[in-house]
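K.L.:
Sharing my_file.txt, compact mmCIF, C-alpha atoms and all ligand atoms:
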```
# COMPACT_ATOMS: atom_id res chain seq x y z
CA MET G 30 4.66 -4.54 15.07
CA ARG G 31 1.11 -4.97 16.31
CA SER G 32 0.66 -4.97 20.03
CA ALA G 33 -1.86 -7.69 20.65
CA GLY G 34 -4.37 -7.01 23.38
CA ARG G 35 -3.74 -3.29 23.60
CA PRO G 36 -6.58 -1.04 22.56
CA ALA G 37 -6.40 0.56 19.13
CA ASP G 38 -4.40 3.76 18.82
CA LEU G 39 -6.61 4.90 15.98
CA ARG G 40 -10.17 3.76 15.41
CA LEU G 41 -12.37 4.73 12.50
CA VAL G 42 -16.03 3.88 12.93
CA GLY G 43 -18.36 4.03 9.93
CA LEU G 44 -16.58 7.03 8.47
CA SER G 45 -18.27 8.56 5.40
CA LYS G 46 -17.92 11.70 3.34
CA ILE G 47 -20.57 12.72 0.86
CA TYR G 48 -19.95 15.46 -1.74
CA GLY G 49 -23.22 16.23 -3.52
CA ASP G 50 -24.31 12.84 -4.80
CA LEU G 51 -20.81 11.32 -4.60
CA ALA G 52 -19.87 9.10 -1.66
CA ALA G 53 -16.14 9.95 -1.69
CA VAL G 54 -15.75 7.72 1.39
CA HIS G 55 -18.39 5.23 2.44
CA ASP G 56 -18.67 3.51 5.81
CA VAL G 57 -14.97 2.97 6.49
CA SER G 58 -14.16 1.23 9.77
CA LEU G 59 -10.63 0.38 10.85
CA ASP G 60 -8.58 -0.29 13.99
CA VAL G 61 -4.88 0.56 13.99
CA ALA G 62 -2.82 -0.88 16.87
CA PRO G 63 -0.14 1.10 18.71
CA GLY G 64 3.08 1.12 16.69
CA GLU G 65 1.42 -0.40 13.67
CA PHE G 66 2.14 0.79 10.11
CA VAL G 67 -1.02 0.62 8.02
CA ALA G 68 -1.22 1.54 4.32
CA LEU G 69 -4.36 2.81 2.62
CA LEU G 70 -3.97 1.54 -0.93
CA GLY G 71 -6.15 2.12 -3.97
CA PRO G 72 -6.36 3.82 -7.35
CA SER G 73 -6.60 7.56 -7.78
CA GLY G 74 -9.98 8.91 -6.67
CA CYS G 75 -10.90 5.99 -4.38
CA GLY G 76 -11.09 8.18 -1.27
CA LYS G 77 -7.68 7.75 0.37
CA THR G 78 -6.88 11.44 0.84
CA THR G 79 -10.41 12.22 2.01
CA THR G 80 -10.16 9.46 4.63
CA LEU G 81 -6.79 10.73 5.81
CA ARG G 82 -8.02 14.32 5.97
CA MET G 83 -10.99 13.24 8.06
CA VAL G 84 -8.56 11.51 10.44
CA ALA G 85 -6.39 14.63 10.58
CA GLY G 86 -9.38 16.90 11.11
CA PHE G 87 -9.20 18.93 7.90
CA VAL G 88 -12.43 17.48 6.49
CA PRO G 89 -15.54 17.02 8.67
CA PRO G 90 -17.10 13.57 8.15
CA SER G 91 -20.69 13.29 6.90
CA ALA G 92 -21.09 10.33 9.27
CA GLY G 93 -19.01 8.22 11.61
CA ALA G 94 -16.36 8.89 14.22
CA VAL G 95 -12.59 9.03 14.72
CA PHE G 96 -11.00 7.88 17.98
CA VAL G 97 -7.38 8.44 18.96
CA GLY G 98 -6.81 6.08 21.84
CA ASP G 99 -9.95 6.37 23.97
CA ALA G 100 -10.72 9.92 22.91
CA ASP G 101 -13.41 10.74 20.38
CA VAL G 102 -11.65 13.43 18.32
CA THR G 103 -14.28 13.68 15.58
CA ARG G 104 -15.11 17.27 16.47
CA LEU G 105 -11.68 18.41 17.61
CA PRO G 106 -9.58 20.75 15.43
CA PRO G 107 -6.45 19.22 13.82
CA GLU G 108 -4.00 20.71 16.33
CA ARG G 109 -5.76 19.03 19.25
CA ARG G 110 -5.68 15.49 17.84
CA ASP G 111 -2.08 14.53 18.63
CA ILE G 112 -1.60 13.74 14.95
CA GLY G 113 1.16 14.78 12.53
CA MET G 114 0.78 14.79 8.75
CA VAL G 115 3.40 14.54 5.99
CA PHE G 116 2.32 15.75 2.56
CA GLN G 117 3.41 14.91 -0.97
CA ASN G 118 4.58 18.49 -1.65
CA TYR G 119 6.59 18.81 1.60
CA ALA G 120 4.92 22.18 2.47
CA LEU G 121 8.17 23.70 3.80
CA PHE G 122 8.56 27.45 4.35
CA PRO G 123 10.96 28.57 1.57
CA HIS G 124 12.30 31.55 3.51
CA MET G 125 13.30 29.49 6.54
CA THR G 126 16.32 27.25 7.04
CA VAL G 127 15.97 23.56 7.78
CA ARG G 128 16.44 24.27 11.48
CA ALA G 129 13.93 27.13 11.46
CA ASN G 130 11.37 25.06 9.57
CA ILE G 131 11.57 22.37 12.21
CA GLU G 132 11.58 24.75 15.15
CA PHE G 133 8.63 26.67 13.83
CA GLY G 134 6.15 23.91 14.63
CA LEU G 135 7.55 23.62 18.14
CA LYS G 136 7.16 27.37 18.65
CA CYS G 137 3.54 27.11 17.60
CA HIS G 138 3.10 24.46 20.26
CA ARG G 139 4.69 26.85 22.78
CA LEU G 140 7.57 24.62 23.79
CA ALA G 141 10.26 26.26 25.93
CA ARG G 142 13.35 27.39 24.02
CA ALA G 143 15.77 24.85 25.48
CA GLU G 144 13.38 22.01 24.70
CA ARG G 145 12.89 23.35 21.17
CA VAL G 146 16.59 23.51 20.46
CA GLN G 147 17.17 20.03 21.85
CA ARG G 148 14.31 18.41 19.97
CA THR G 149 15.26 20.13 16.73
CA ALA G 150 18.86 18.94 17.02
CA ASP G 151 17.65 15.41 17.82
CA VAL G 152 15.38 15.06 14.79
CA ILE G 153 17.89 16.67 12.44
CA ASP G 154 20.27 13.96 13.58
CA LEU G 155 17.63 11.28 13.32
CA VAL G 156 16.93 12.02 9.65
CA GLY G 157 20.61 12.48 8.82
CA LEU G 158 20.55 16.17 7.90
CA GLY G 159 23.18 17.29 10.41
CA THR G 160 25.30 19.09 7.83
CA MET G 161 22.37 20.86 6.22
CA ALA G 162 20.63 22.47 9.15
CA ASP G 163 21.40 26.00 7.94
CA ARG G 164 20.39 25.50 4.34
CA TYR G 165 17.16 26.73 2.76
CA PRO G 166 14.72 24.29 1.13
CA ARG G 167 15.74 25.40 -2.39
CA GLN G 168 19.29 24.26 -1.61
CA LEU G 169 18.09 20.72 -0.90
CA SER G 170 17.18 17.79 -3.17
CA GLY G 171 13.63 16.43 -3.18
CA GLY G 172 14.61 13.59 -0.87
CA GLN G 173 16.27 15.96 1.58
CA GLN G 174 13.24 18.24 1.59
CA GLN G 175 11.06 15.24 2.33
CA ARG G 176 13.35 14.40 5.25
CA VAL G 177 12.92 17.91 6.63
CA ALA G 178 9.15 17.62 6.32
CA LEU G 179 9.33 14.33 8.20
CA ALA G 180 11.64 15.75 10.87
CA ARG G 181 9.36 18.72 11.37
CA VAL G 182 6.40 16.48 12.08
CA MET G 183 8.36 14.02 14.23
CA ALA G 184 9.75 16.80 16.40
CA LEU G 185 6.22 17.28 17.69
CA ARG G 186 6.20 13.63 18.81
CA PRO G 187 2.65 12.97 17.72
CA ARG G 188 0.93 9.77 18.70
CA LEU G 189 -0.05 9.18 15.12
CA LEU G 190 1.70 10.00 11.83
CA LEU G 191 -0.29 10.39 8.63
CA PHE G 192 1.37 10.28 5.22
CA ASP G 193 -0.32 11.27 1.98
CA GLU G 194 1.71 9.84 -0.91
CA PRO G 195 4.89 11.37 0.52
CA LEU G 196 7.19 9.67 -2.00
CA SER G 197 5.38 10.20 -5.28
CA ASN G 198 7.46 13.25 -6.26
CA LEU G 199 10.74 11.34 -5.94
CA ASP G 200 12.51 9.30 -8.60
CA ALA G 201 12.41 5.51 -8.37
CA LYS G 202 15.76 4.96 -6.68
CA LEU G 203 15.24 7.65 -4.05
CA ARG G 204 11.71 6.45 -3.45
CA GLU G 205 13.04 3.06 -2.37
CA GLN G 206 15.63 4.65 -0.10
CA MET G 207 13.00 6.83 1.52
CA ARG G 208 10.73 3.81 2.07
CA ASP G 209 13.45 2.26 4.20
CA GLU G 210 14.14 5.56 5.89
CA ILE G 211 10.52 6.22 6.85
CA LEU G 212 10.14 2.66 8.13
CA ARG G 213 13.32 2.96 10.20
CA LEU G 214 12.11 6.20 11.78
CA GLN G 215 8.66 4.77 12.41
CA ARG G 216 10.06 1.61 14.03
CA GLN G 217 12.58 3.55 16.07
CA SER G 218 10.06 6.04 17.41
CA GLY G 219 7.24 3.51 17.75
CA VAL G 220 4.77 6.03 16.35
CA THR G 221 1.57 4.64 14.86
CA ALA G 222 1.38 5.32 11.11
CA LEU G 223 -1.31 5.56 8.47
CA PHE G 224 0.24 5.82 5.02
CA VAL G 225 -1.70 6.62 1.85
CA THR G 226 -0.38 5.37 -1.48
CA HIS G 227 -1.60 4.23 -4.89
CA ASP G 228 1.64 2.27 -5.30
CA ARG G 229 1.17 -1.41 -4.61
CA ASP G 230 4.87 -2.14 -4.10
CA GLU G 231 5.16 0.69 -1.63
CA ALA G 232 2.25 -0.65 0.40
CA MET G 233 3.51 -4.24 0.16
CA THR G 234 7.05 -3.45 1.28
CA MET G 235 6.24 -0.98 4.03
CA ALA G 236 2.99 -1.91 5.72
CA ASP G 237 2.17 -4.31 8.54
CA ARG G 238 -1.35 -4.31 7.13
CA ILE G 239 -2.88 -2.95 3.95
CA VAL G 240 -6.37 -1.50 3.57
CA VAL G 241 -7.36 -1.84 -0.08
CA MET G 242 -9.92 0.79 -1.10
CA SER G 243 -12.08 1.10 -4.19
CA LYS G 244 -14.74 3.70 -4.91
CA GLY G 245 -14.79 5.03 -1.37
CA ARG G 246 -15.15 1.61 0.26
CA VAL G 247 -12.81 -0.80 1.99
CA GLU G 248 -12.43 -3.88 -0.20
CA GLN G 249 -10.11 -5.85 2.08
CA VAL G 250 -7.83 -5.45 5.09
CA GLY G 251 -4.92 -7.79 5.70
CA THR G 252 -1.19 -8.34 5.82
CA PRO G 253 0.62 -7.93 2.49
CA ALA G 254 0.98 -11.71 2.18
CA ASP G 255 -2.69 -12.25 3.00
CA ILE G 256 -3.88 -9.78 0.45
CA TYR G 257 -1.60 -11.17 -2.24
CA ASP G 258 -2.31 -14.85 -1.59
CA HIS G 259 -5.94 -14.61 -0.52
CA PRO G 260 -7.62 -11.68 -2.23
CA CYS G 261 -11.36 -11.64 -1.51
CA THR G 262 -12.50 -9.82 -4.62
CA ARG G 263 -11.52 -9.59 -8.23
CA PHE G 264 -10.65 -5.95 -7.73
CA VAL G 265 -8.11 -6.80 -5.02
CA ALA G 266 -6.67 -9.74 -6.96
CA ASP G 267 -6.16 -7.49 -9.95
CA PHE G 268 -4.92 -4.39 -8.14
CA ILE G 269 -2.44 -6.13 -5.87
CA GLY G 270 -0.55 -8.01 -8.56
CA ALA G 271 -0.79 -9.61 -11.97
CA ALA G 272 -3.40 -12.35 -12.18
CA ASN G 273 -4.99 -14.62 -14.78
CA PHE G 274 -8.75 -14.84 -14.53
CA PHE G 275 -10.89 -17.75 -15.73
CA GLU G 276 -14.68 -17.46 -15.78
CA GLY G 277 -16.78 -20.54 -15.05
CA ALA G 278 -18.31 -22.48 -12.16
CA VAL G 279 -17.35 -24.85 -9.35
CA GLU G 280 -18.68 -28.38 -9.79
CA GLY G 281 -18.59 -31.75 -8.07
CA PRO G 282 -18.77 -33.14 -4.51
CA GLY G 283 -16.78 -31.63 -1.61
CA ASP G 284 -13.88 -34.06 -1.84
CA CYS G 285 -13.54 -33.76 -5.59
CA ARG G 286 -14.33 -30.24 -6.65
CA VAL G 287 -13.30 -28.84 -9.99
CA PHE G 288 -13.66 -25.53 -11.78
CA ARG G 289 -15.23 -25.84 -15.20
CA CYS G 290 -14.08 -22.91 -17.28
CA ARG G 291 -16.33 -21.34 -19.86
CA GLY G 292 -13.55 -22.13 -22.30
CA GLY G 293 -14.26 -25.86 -21.72
CA HIS G 294 -11.27 -27.04 -19.67
CA VAL G 295 -11.50 -28.29 -16.12
CA LEU G 296 -9.17 -27.16 -13.33
CA PRO G 297 -8.63 -29.10 -10.09
CA LEU G 298 -9.46 -27.35 -6.81
CA PRO G 299 -8.59 -27.97 -3.16
CA THR G 300 -11.06 -30.08 -1.17
CA ASN G 301 -14.21 -28.22 -0.10
CA ALA G 302 -13.50 -25.22 -2.30
CA PRO G 303 -16.34 -22.67 -2.07
CA SER G 304 -18.63 -21.75 -4.95
CA ALA G 305 -17.24 -19.16 -7.28
CA THR G 306 -17.61 -17.80 -10.78
CA THR G 307 -14.04 -16.63 -11.23
CA LEU G 308 -10.79 -18.47 -10.69
CA ALA G 309 -7.59 -16.44 -10.48
CA VAL G 310 -3.99 -17.62 -10.57
CA ARG G 311 -0.80 -15.60 -10.24
CA PRO G 312 1.58 -15.82 -13.22
CA GLU G 313 4.53 -16.98 -11.11
CA ARG G 314 2.59 -19.99 -9.79
CA ILE G 315 2.30 -21.46 -13.27
CA ALA G 316 4.74 -24.17 -14.31
CA PHE G 317 5.63 -25.49 -17.74
CA VAL G 318 5.36 -29.28 -17.83
CA ALA G 319 5.52 -32.18 -20.25
CA PRO G 320 2.42 -32.28 -22.50
CA THR G 321 1.52 -35.72 -21.16
CA THR G 322 1.21 -34.42 -17.57
CA ASP G 323 -2.17 -35.20 -16.03
CA GLY G 324 -4.48 -32.19 -16.09
CA ALA G 325 -2.03 -29.89 -17.86
CA LEU G 326 -3.42 -27.28 -20.25
CA ALA G 327 -2.02 -27.28 -23.76
CA GLY G 328 -1.32 -23.99 -25.48
CA ILE G 329 0.90 -22.03 -27.81
CA VAL G 330 3.44 -19.44 -26.67
CA THR G 331 2.30 -16.20 -28.27
CA ARG G 332 4.68 -13.75 -26.60
CA VAL G 333 7.98 -13.86 -24.78
CA ARG G 334 9.29 -10.96 -22.71
CA HIS G 335 12.56 -10.82 -20.84
CA VAL G 336 12.08 -8.61 -17.78
CA ALA G 337 15.27 -8.51 -15.71
CA SER G 338 15.12 -11.52 -13.41
CA VAL G 339 11.99 -13.11 -14.89
CA ILE G 340 10.78 -14.28 -18.25
CA GLU G 341 7.14 -13.52 -18.99
CA TYR G 342 5.28 -15.78 -21.39
CA LEU G 343 1.83 -15.39 -22.84
CA VAL G 344 0.30 -18.77 -23.61
CA THR G 345 -2.83 -18.91 -25.74
CA LEU G 346 -5.15 -21.83 -25.01
CA PRO G 347 -7.33 -23.52 -27.67
CA SER G 348 -10.33 -21.70 -26.12
CA GLY G 349 -8.66 -18.39 -27.02
CA GLU G 350 -7.97 -17.55 -23.36
CA VAL G 351 -4.53 -16.02 -22.88
CA VAL G 352 -2.54 -17.01 -19.79
CA SER G 353 0.39 -15.05 -18.46
CA ALA G 354 3.13 -17.21 -16.92
CA GLN G 355 6.33 -16.00 -15.28
CA VAL G 356 9.46 -18.03 -14.65
CA GLN G 357 12.61 -17.01 -12.81
CA ARG G 358 15.60 -16.71 -15.07
CA ARG G 359 17.90 -19.38 -13.71
CA HIS G 360 20.46 -21.74 -15.16
CA ALA G 361 18.92 -24.74 -16.85
CA VAL G 362 15.39 -23.31 -16.82
CA PRO G 363 13.86 -24.37 -20.14
CA GLN G 364 13.04 -21.44 -22.41
CA PHE G 365 10.39 -21.32 -25.08
CA CYS G 366 9.98 -19.41 -28.33
CA GLU G 367 6.96 -17.71 -29.79
CA GLY G 368 4.88 -20.27 -31.69
CA GLU G 369 6.06 -23.21 -29.60
CA ALA G 370 3.51 -25.72 -28.26
CA VAL G 371 3.67 -26.00 -24.46
CA ALA G 372 1.69 -27.37 -21.51
CA ILE G 373 1.08 -25.49 -18.27
CA THR G 374 -0.23 -26.36 -14.85
CA TRP G 375 -0.27 -25.08 -11.27
CA PRO G 376 -0.99 -26.57 -7.85
CA PRO G 377 -4.74 -26.55 -7.00
CA ALA G 378 -3.92 -24.65 -3.79
CA ASP G 379 -2.74 -21.72 -5.92
CA SER G 380 -6.16 -21.32 -7.50
CA ILE G 381 -7.89 -18.31 -5.95
CA LEU G 382 -11.67 -18.53 -6.06
CA LEU G 383 -13.55 -15.27 -6.30
CA PRO G 384 -17.24 -14.43 -6.12
CA SER G 385 -18.72 -12.66 -9.13
P1 LIG L 1 -7.63 9.67 -3.64
O1 LIG L 1 -6.84 10.38 -2.60
O2 LIG L 1 -7.83 8.22 -3.35
O3 LIG L 1 -7.11 9.89 -5.02
P2 LIG L 1 -9.71 11.56 -2.91
O4 LIG L 1 -10.00 11.24 -1.51
O5 LIG L 1 -8.85 12.73 -3.17
O6 LIG L 1 -9.13 10.28 -3.63
O7 LIG L 1 -11.07 11.79 -3.69
C1 LIG L 1 -12.14 10.85 -3.65
C2 LIG L 1 -13.28 11.37 -4.50
O8 LIG L 1 -13.86 12.51 -3.87
C3 LIG L 1 -12.86 11.81 -5.87
O9 LIG L 1 -13.87 11.46 -6.79
C4 LIG L 1 -12.75 13.32 -5.74
O10 LIG L 1 -12.97 13.94 -6.96
C5 LIG L 1 -13.84 13.62 -4.74
N1 LIG L 1 -13.54 14.80 -3.92
C6 LIG L 1 -12.47 14.98 -3.10
N2 LIG L 1 -12.50 16.16 -2.48
C7 LIG L 1 -13.62 16.78 -2.92
C8 LIG L 1 -14.24 18.06 -2.65
N3 LIG L 1 -13.68 18.92 -1.78
N4 LIG L 1 -15.39 18.34 -3.27
C9 LIG L 1 -15.96 17.47 -4.13
N5 LIG L 1 -15.44 16.25 -4.43
C10 LIG L 1 -14.29 15.91 -3.84
MG MG L 2 -5.02 11.45 -2.83
```
Spell out the structure here as structure tokens.
P.N.:
Amino acid sequence: MRSAGRPADLRLVGLSKIYGDLAAVHDVSLDVAPGEFVALLGPSGCGKTTTLRMVAGFVPPSAGAVFVGDADVTRLPPERRDIGMVFQNYALFPHMTVRANIEFGLKCHRLARAERVQRTADVIDLVGLGTMADRYPRQLSGGQQQRVALARVMALRPRLLLFDEPLSNLDAKLREQMRDEILRLQRQSGVTALFVTHDRDEAMTMADRIVVMSKGRVEQVGTPADIYDHPCTRFVADFIGAANFFEGAVEGPGDCRVFRCRGGHVLPLPTNAPSATTLAVRPERIAFVAPTTDGALAGIVTRVRHVASVIEYLVTLPSGEVVSAQVQRRHAVPQFCEGEAVAITWPPADSILLPS
């Protein structure tokens, strides 16, 4: 949903936050296009919330600037930024009904009564809480409370919606439903969204683009497919999905490059592969082949796990390296037992080369 050519709706320029001698956020720059859904993804403590709170205006940056559209909002208070924020703990007023919770924000923004009533009714409808408008938060499930929190923010029609792990208090099934729900509302309203999560699947399924963060820094920005297929660093390769890593070096001329693993074996590479000290390959790209296959790696199956639709094998190579391989459970797919000798291979194009 990126609008090519239009200026960014949100622009972060060299944003940093220093606490004592800790750089909680370091030099983060990012452009978010109008209507785009961007996820900030990274492990706990990597600086996601701090970044979001600087965007919202709750935390003053140590350096850098925040632009909403053309306006530099770095020094504006939160209520003057045209930004709405949805929190993990919903932050609803317990003594107010659903309707009153939603209307409250509109009152604060001094909207006329008729407009308030209309907007409140509209968003209650939008999030599917029509029959619950007169209930109190304690009479609602977690998912319903999250819907109210969302409706309350959307009623203000902000230009930008910020989410800080809004689904992490919900159980797995509801979490998936709410993913779809939030996306539907975001698409329908066209609001620009910045969504913080430590959950890779959440980021992958929801976002137009993902910003992977580690230790206060941006590691990589890209579409979910980009980040999965072409991670730039070992951290990203590892965080964004299962991966096998081989240490070694790239050798040979441009048209015939190979990766010589420390373990001794040689892996083919695409033409003109760059220099690298680590080669990564996703478990599902690995195929089991006949032992006589050219270039195949011999090994022994040392573990078999049946995980719903896939079978996960660990294959131990003569070098001692352990490779994880995943195959779809389908009819006529050969299955292997622990202790069985096998051979594995994968297309050179599926080798991901990473700098040290
Ligand atoms: P995340 O949301 O990715 O889990 P945070 O942005 O909350 O990470 O925190 C990033 C780092 O900054 C953490 O090491 C955290 O302990 C530290 N931090 C956050 N807020 C403060 C604060 N107010 N004072 C000192 N350190 C903080
Ligand atoms: Mg956080």
K.L.:
Could you make a table, as JSON lines, of the residues of chain G that have an atom within 7 Å of an atom of ligand LIG 1 (chain L), each with its nearest atom pair and distance in Å to one decimal, counting all atoms listed in the file, in chain and number order?
P.N.:
```
{"residue": "G:Tyr48", "atom": "CA", "partner": "L:LIG1", "partner_atom": "C9", "distance": 5.1}
{"residue": "G:Ala53", "atom": "CA", "partner": "L:LIG1", "partner_atom": "O8", "distance": 4.1}
{"residue": "G:Val54", "atom": "CA", "partner": "L:LIG1", "partner_atom": "C1", "distance": 6.9}
{"residue": "G:Gly71", "atom": "CA", "partner": "L:LIG1", "partner_atom": "O2", "distance": 6.4}
{"residue": "G:Pro72", "atom": "CA", "partner": "L:LIG1", "partner_atom": "O2", "distance": 6.1}
{"residue": "G:Ser73", "atom": "CA", "partner": "L:LIG1", "partner_atom": "O3", "distance": 3.6}
{"residue": "G:Gly74", "atom": "CA", "partner": "L:LIG1", "partner_atom": "O6", "distance": 3.4}
{"residue": "G:Cys75", "atom": "CA", "partner": "L:LIG1", "partner_atom": "O2", "distance": 3.9}
{"residue": "G:Gly76", "atom": "CA", "partner": "L:LIG1", "partner_atom": "O4", "distance": 3.3}
{"residue": "G:Lys77", "atom": "CA", "partner": "L:LIG1", "partner_atom": "O2", "distance": 3.8}
{"residue": "G:Thr78", "atom": "CA", "partner": "L:LIG1", "partner_atom": "O1", "distance": 3.6}
{"residue": "G:Thr79", "atom": "CA", "partner": "L:LIG1", "partner_atom": "O4", "distance": 3.7}
{"residue": "G:Thr80", "atom": "CA", "partner": "L:LIG1", "partner_atom": "O4", "distance": 6.4}
{"residue": "G:Gly245", "atom": "CA", "partner": "L:LIG1", "partner_atom": "C1", "distance": 6.8}
```
K.L.:
Could you list, as a compact mmCIF listing (two decimals) with C-alpha atoms, in the frame of the given file, every residue within 9 Å of Arg263 (chain G), counting all atoms listed in the file and ignoring same-chain residues fewer than 2 positions away?
P.N.:
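New file part-v4.txt:
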```txt
# COMPACT_ATOMS: atom_id res chain seq x y z
CA PRO G 260 -7.62 -11.68 -2.23
CA CYS G 261 -11.36 -11.64 -1.51
CA VAL G 265 -8.11 -6.80 -5.02
CA ALA G 266 -6.67 -9.74 -6.96
CA ASP G 267 -6.16 -7.49 -9.95
CA PHE G 268 -4.92 -4.39 -8.14
CA PHE G 274 -8.75 -14.84 -14.53
CA THR G 307 -14.04 -16.63 -11.23
CA ALA G 309 -7.59 -16.44 -10.48
CA LEU G 383 -13.55 -15.27 -6.30
CA PRO G 384 -17.24 -14.43 -6.12
CA SER G 385 -18.72 -12.66 -9.13
```
K.L.:
Find the residue from G:Thr160, G:Gln364, G:Thr226, G:Thr221 that sits nearest to Arg208 (chain G); use all atoms listed in the file when measuring.
P.N.:
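Ranked by minimum distance to Arg208 (chain G), first place goes to G:Thr226.
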K.L.:
Have a look at CA of Leu308 (chain G) and CA of Ala372 (chain G) and let me know their distance in Å, one decimal.
P.N.:
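Atom-to-atom, CA of Leu308 (chain G) and CA of Ala372 (chain G) are spaced 18.8 Å apart.
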K.L.:
Tell me, as a PyMOL selection string, which residues lie within 10 Å of Pro299 (chain G), counting only C-alpha atoms; anything in the same chain fewer than 5 positions away does not count.
P.N.:
chain G and resi 283-287+376-380
K.L.:
For Thr103 (chain G), list every protein, DNA or RNA residue within 9 Å, evaluated using only C-alpha atoms, and leave out those in the same chain fewer than 4 positions away; present the list as an NGL selection string.
P.N.:
:G and (83-84 or 86 or 89-90 or 93-96)
K.L.:
Nearest to Ala222 (chain G) among G:Arg246, G:Arg148, G:Ala361, G:Leu189, with distances taken over all atoms listed in the file: which residue is it?
P.N.:
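When distances to Ala222 (chain G) are compared using all atoms listed in the file, the smallest one comes from G:Leu189.
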K.L.:
Would you mind listing what lies within 8 Å of Met235 (chain G) as a PyMOL selection string, with only C-alpha atoms counted and same-chain residues fewer than 6 positions away left out?
P.N.:
chain G and resi 66+68+208-209+212
K.L.:
With a distance cut-off of 9 Å and only C-alpha atoms, select the neighbouring residues of Arg176 (chain G), excluding the residue or stretch itself and same-chain residues fewer than 6 positions from it, and output the selection as a PyMOL selection string.
P.N.:
chain G and resi 119+153+156-158+207+210-211
K.L.:
Between CA of Pro297 (chain G) and CA of Tyr342 (chain G), what is the distance, to one decimal in Å?
P.N.:
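Atom-to-atom, CA of Pro297 (chain G) to CA of Tyr342 (chain G), that is 22.3 Å.
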K.L.:
With distances taken over all atoms listed in the file, which residue among G:Pro195, G:Pro303, G:Gly171, G:Gly43 lies nearest ligand MG 2 (chain L)?
P.N.:
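Selected residue with least distance to ligand MG 2 (chain L): G:Pro195.
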K.L.:
To one decimal place, how far is CA of Pro320 (chain G) from CA of Ala302 (chain G) in Å?
P.N.:
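About the pair CA of Pro320 (chain G) and CA of Ala302 (chain G): they are 26.7 Å apart.
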K.L.:
Quick one: of G:Tyr165, G:Phe122, G:Phe116, G:Phe288, who's nearest to Leu382 (chain G), counting all atoms listed in the file?
P.N.:
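Ranking G:Tyr165, G:Phe122, G:Phe116, G:Phe288 by distance to Leu382 (chain G), first place goes to G:Phe288.
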K.L.:
Tell me which of G:Val310, G:Met161, G:Val333, G:Val339 sits closest to Arg128 (chain G), counting all atoms listed in the file.
P.N.:
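Among the listed residues, the smallest separation from Arg128 (chain G) belongs to G:Met161.
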K.L.:
Given all atoms listed in the file as the basis, pick out the residue of G:Ala100, G:Leu69, G:Cys290, G:Ala254 nearest to ligand MG 2 (chain L).
P.N.:
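The closest residue to ligand MG 2 (chain L) is G:Leu69.
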K.L.:
Reconstruct N, CA and C atoms of region 84-95 of chain G; output as an mmCIF file, in the frame of the given file.
P.N.:
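Writing done, so here's part.cif:
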```
data_model
loop_
_atom_site.group_PDB
_atom_site.id
_atom_site.type_symbol
_atom_site.label_atom_id
_atom_site.label_comp_id
_atom_site.auth_asym_id
_atom_site.auth_seq_id
_atom_site.Cartn_x
_atom_site.Cartn_y
_atom_site.Cartn_z
ATOM 1 N N VAL G 84 -9.309 11.927 9.248
ATOM 2 C CA VAL G 84 -8.560 11.510 10.440
ATOM 3 C C VAL G 84 -7.803 12.702 11.016
ATOM 4 N N ALA G 85 -7.195 13.490 10.125
ATOM 5 C CA ALA G 85 -6.390 14.630 10.580
ATOM 6 C C ALA G 85 -7.251 15.768 11.109
ATOM 7 N N GLY G 86 -8.492 15.832 10.641
ATOM 8 C CA GLY G 86 -9.380 16.900 11.110
ATOM 9 C C GLY G 86 -9.537 18.040 10.129
ATOM 10 N N PHE G 87 -9.068 17.870 8.902
ATOM 11 C CA PHE G 87 -9.200 18.930 7.900
ATOM 12 C C PHE G 87 -10.529 18.845 7.150
ATOM 13 N N VAL G 88 -11.152 17.680 7.172
ATOM 14 C CA VAL G 88 -12.430 17.480 6.490
ATOM 15 C C VAL G 88 -13.425 16.915 7.501
ATOM 16 N N PRO G 89 -14.550 17.572 7.724
ATOM 17 C CA PRO G 89 -15.540 17.020 8.670
ATOM 18 C C PRO G 89 -16.290 15.851 8.026
ATOM 19 N N PRO G 90 -16.385 14.727 8.718
ATOM 20 C CA PRO G 90 -17.100 13.570 8.150
ATOM 21 C C PRO G 90 -18.598 13.857 8.014
ATOM 22 N N SER G 91 -19.228 13.218 7.014
ATOM 23 C CA SER G 91 -20.690 13.290 6.900
ATOM 24 C C SER G 91 -21.323 12.362 7.913
ATOM 25 N N ALA G 92 -20.616 11.273 8.248
ATOM 26 C CA ALA G 92 -21.090 10.330 9.270
ATOM 27 C C ALA G 92 -19.897 9.590 9.816
ATOM 28 N N GLY G 93 -20.062 9.037 11.025
ATOM 29 C CA GLY G 93 -19.010 8.220 11.610
ATOM 30 C C GLY G 93 -18.164 8.991 12.595
ATOM 31 N N ALA G 94 -17.167 8.298 13.156
ATOM 32 C CA ALA G 94 -16.360 8.890 14.220
ATOM 33 C C ALA G 94 -14.904 8.466 14.108
ATOM 34 N N VAL G 95 -14.030 9.309 14.665
ATOM 35 C CA VAL G 95 -12.590 9.030 14.720
ATOM 36 C C VAL G 95 -12.171 9.036 16.188
#
```
